[in-house]
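Worksheet: the structure to be examined is printed underneath.
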Amino acid sequence: METIEKIMLTGNQAISRGFYEAGGLIATSYPGSPTVGIIENTKAYETIYSEFSTNEKVALEVAIGGSFNGARSMVAMKHVGVNIAADPLMTFTQTPINGGFLLVTGDDPGLASSQNEQDNRIFGKFANMGILDPSDSQEAKDFTKEALKISEKFQTPMMLRITSRLCHSRSVVEVKERKEKEQSEMDTKTGEYCMIPPGSRKAQFFMKERLEKLEKFAYEIEINKLELKQETDTLIVTSGLLYNNLKEIAPNVSIWKLGLIYPISKEKAKEITSKFNRVIVLEEMMPFIENELQLMGIECEGKKYFSFTGELDVPDIEKGLYNAGIIDNMPERIEEFVETVARYPVFCTGCPHRPTFDILKKSKTKIIIGDIGCYSLSALPPFEQSNSIISMGASIGITKGLRKAKVLNDNNEPIVAVIGDGTFFHSGLPSFVNLLHNKEDNENITIIILDNRTTAMTGGQHNGSSGLYNEKDDMKVGIKSLLEGIGFDRVKEINQYDYKSAKKLFEEEIAYEGLSIIVANGPCALKYNMEEPYFYVDPEICISCRSCIRTGCPPLRMIEYEGIDKLKSSIDEDMCVGCSVCAQVCPVNAIKQSEKIDREGGEFIGN
Amino acid sequence: MATNIMLGGVGGQGLVLMTKIICQAGLMDQYDVKSNDVVGLSQRGGMVWGNVRIGDKIYSPNIRPKEADILLGMEPLEAYRWCSLLKDKGKIILNSKRFYPVPVQQEQEKYPEEDIESMKKRYETFEINAFDEGVKLGKKQVANVILIGILAKVLENEGETPIKVDIWKASIKQNVPTKAIDMNMNAFDLGYNFPRFY
């Protein structure tokens, strides 16, 4: 007898497991919250080829190549990543699918860690894909397998839409063995993957017919479940985690839980909804299912009762159901958490970005164009040093336009742009080439490239600058050589932890009335495990000026010392990793390093 | 029937691993389990929270306000922030090690010591400086396992969803480095035999 093995998996882990069990071969991604864990987990399976690609577009293309040859392929990205990948996606989805193809999109209702809240179900429909929406880890695994099957059966690309809450939520999953799937090799005779006219015109009809077949199939698909309750004339249509939140309330309604949320079978929808007086759609963000039903001529409500933004947790659903007259008692309004002192995310202890923004805060620069990465936190207290954060790699193009507009307005004040190494390789590089192509004389721009040698914000993934720049490594040159090689003539390099030299260089380059680039080096303190002897404050020397405190390094704090009137600075030695920045900003040398001690696990790579 | 455990801490303290250990122990003792750990912007220094629900059948992984049985506060301010989720008779396991947030460090606001004191009077609280105790055992990283030891005892005393000591230890062993197993077992025992229980 086969014993059933049950384990706890996050939504992300469950997707990886599903892909493994389905015989998946090619898995790609660009790291972004909430879907980072998917590829980190597929990497643990030797039978799957996994890669974190340079960006989402490249990741998608690698997966397309796998699918062309008949390999089951999956590409995972956060919701905004699909914007980067949209170009190949919108054309690839016109072709027939050979090896099962799955795009996993991690939507982020409530913007827990994102710059916007876009609803990628719209993208799935736009790209003529079938869309699945799991409600727990078991379904995340099952739907991954189901999606690959549907993909091959209907030759259609599929989308698995998962939300940030479910990506990180753990629940019980039954695991099974892997079943290999043979590759059929790429068809090179029919030209069905060549999307130029006339083939691409024919593809429009193929796509339409494919979707119609899928809609017919949706009539009996088992992952759409109807839960009938006697003595109720109300039906709630829902999907994903919201189903489980709704079950927590257990209202007196019937529930139609959709697993395949697009396309919805019109015949089935009419058949089911016609038995009810009232149909209410429960969904986060946009009225996607609500609109689909209304297009079918089905009367329904939804967004009238539930917010267009944020997550819909149990109390939000209760409130909506009360307003809809489905539950009788208005739930007591209780705050989820107590209003008290805020705790913003901060740069880690020892972070190389800290000296950069401390210097910028003291500089004459009033405009800093930021980008996406750990350094986005510079927009928050205590630095508040980024005036714009839009999307990956956008800082460089924005700076070009902003500079031009200001010059046209007779304003030549300095502009500083900051961009990290991960973002540089993701999508920053074309903007640098553009700067060069469209360079003008005396273009007063200073760009600081924050090279911490990893994609740090998402947990420290390897990127173009993580290597050692030698013959044996993936990249043979660093960012400075690369930029000089293509023609930039003023590129300086500095060690971030050398505060005084960095400050001097920043001031010089900001004062220079032309285009200059600084590559600010300093390995991520977390990824490269900085663990140097701790620093301490001599309260007798400290003059309470708070220069160190203003760097915002977590172990620092003003405290009372016995026998001393004024508050003096202090350092929590258990938290300090010995980066020395506080000591360097101290005007009176009151901060000193403890004796060199042997600590375990010191893998810090210096400059 | 469900036991709702809320966790609050500071990014970098290891909250995600905590929820994982609790979840695995729950499953190994045949319960249905669901958890969340919401990691927002940045992994270090910001507020992080998570929760575990253990019972016969769990639908939502989320805990509703005033439905948490146990609040595992890995830091006092973060415990205070989430105490509105506790039932009136809820219990707090509190690590007294303080991590001062930016507004306190920059002397714009005071660390809410009085609010934390009144919270401790309102709810039965098991308080320990797990950080210091961890350092004494050999490494600050075992602080969380000390708190898990206390949690094990509290769940046992509460009665609804007790988890066996052997199972707790097995779950911890699966999630810590091999060379640190002994230290972690000592940490668990220290929490489990926390003086307040006698």
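We label chains A, B, ... in the order they appear in the structure tokens, count residues from 1 in each chain, and number ligands from 1 in the order shown.
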
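Counting only C-alpha atoms, Tyr534 of chain A has the following residues at most 7 Å away, ignoring those fewer than 5 positions along the same chain: Glu573, Cys576, Val577, Gly578, Gln593 and Ser594 of chain A.
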
Those selected residues, please, written with C-alpha atoms and delivered as an mmCIF file, in the first residue's frame.
data_model
loop_
_atom_site.group_PDB
_atom_site.id
_atom_site.type_symbol
_atom_site.label_atom_id
_atom_site.label_comp_id
_atom_site.auth_asym_id
_atom_site.auth_seq_id
_atom_site.Cartn_x
_atom_site.Cartn_y
_atom_site.Cartn_z
ATOM 1 C CA GLU A 573 27.948 45.041 20.608
ATOM 2 C CA CYS A 576 27.421 45.506 15.517
ATOM 3 C CA VAL A 577 29.205 43.825 12.575
ATOM 4 C CA GLY A 578 32.168 46.209 12.569
ATOM 5 C CA GLN A 593 37.068 49.053 17.518
ATOM 6 C CA SER A 594 37.327 46.172 19.955
#

Margin query: Applying 6 Å and only C-alpha atoms, which residues near segment 322-337 of chain A remain after dropping the ones on its own chain fewer than 6 positions away? List them as a VMD selection string.
Written below: chain B and resid 65 81 to 82 84

Next item on the list: Quick one: everything within 9 Å of Glu283 of chain A, counting only C-alpha atoms, minus sequence neighbours fewer than 6 positions away in the same chain. Send it as a ChimeraX atom specification.
Entry: /A:237-240,242,289-290,302-303,306,308,312

Hey, can you spit out that residue selection with C-alpha atoms as a PDB file, in the first residue's frame?
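Output (out.pdb):
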ATOM      1  CA  VAL A 237     -18.737  33.323  -6.780  1.00  0.00           C
ATOM      2  CA  THR A 238     -15.132  33.411  -5.611  1.00  0.00           C
ATOM      3  CA  SER A 239     -11.648  31.983  -6.102  1.00  0.00           C
ATOM      4  CA  GLY A 240      -8.244  31.703  -4.453  1.00  0.00           C
ATOM      5  CA  LEU A 242     -10.790  34.337  -0.474  1.00  0.00           C
ATOM      6  CA  ILE A 289     -14.909  37.721 -12.595  1.00  0.00           C
ATOM      7  CA  GLU A 290     -17.748  40.201 -12.058  1.00  0.00           C
ATOM      8  CA  GLY A 302     -19.358  42.572  -6.205  1.00  0.00           C
ATOM      9  CA  LYS A 303     -17.224  45.670  -5.990  1.00  0.00           C
ATOM     10  CA  PHE A 306     -15.775  44.889  -1.440  1.00  0.00           C
ATOM     11  CA  PHE A 308     -11.071  47.719  -5.113  1.00  0.00           C
ATOM     12  CA  LEU A 312      -9.825  41.099   1.638  1.00  0.00           C
TER      13      LEU A 312
END

Checklist line | Spatial neighbours of segment 417-424 of chain A, max dist 8 Å, only C-alpha atoms, sep filter under 2 positions, as number ranges by chain | finding: A: 368-373, 375, 392-393, 395-396, 399, 415, 426-429, 445-455, 463-465

Next item on the list: Would you mind reading off the distance between atom CA of Lys6 of chain A and atom CA of Glu174 of chain A, one decimal, in Å?
Entry: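 Separating atom CA of Lys6 of chain A from atom CA of Glu174 of chain A is a distance of 4.4 Å.
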
Next item on the list: Run DSSP on the backbone and grab whatever in segment 79-181 of chain B lands in alpha helix (DSSP H); send it over as a ChimeraX atom specification.
Entry: /B:79-82,102-105,113-122,130-137,143-158,165-175,181

Note to self: One number please: atom CA of Pro96 of chain A to atom CA of Gly130 of chain A, in Å, one decimal.
What the structure shows: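 A separation of 13.5 Å between them.
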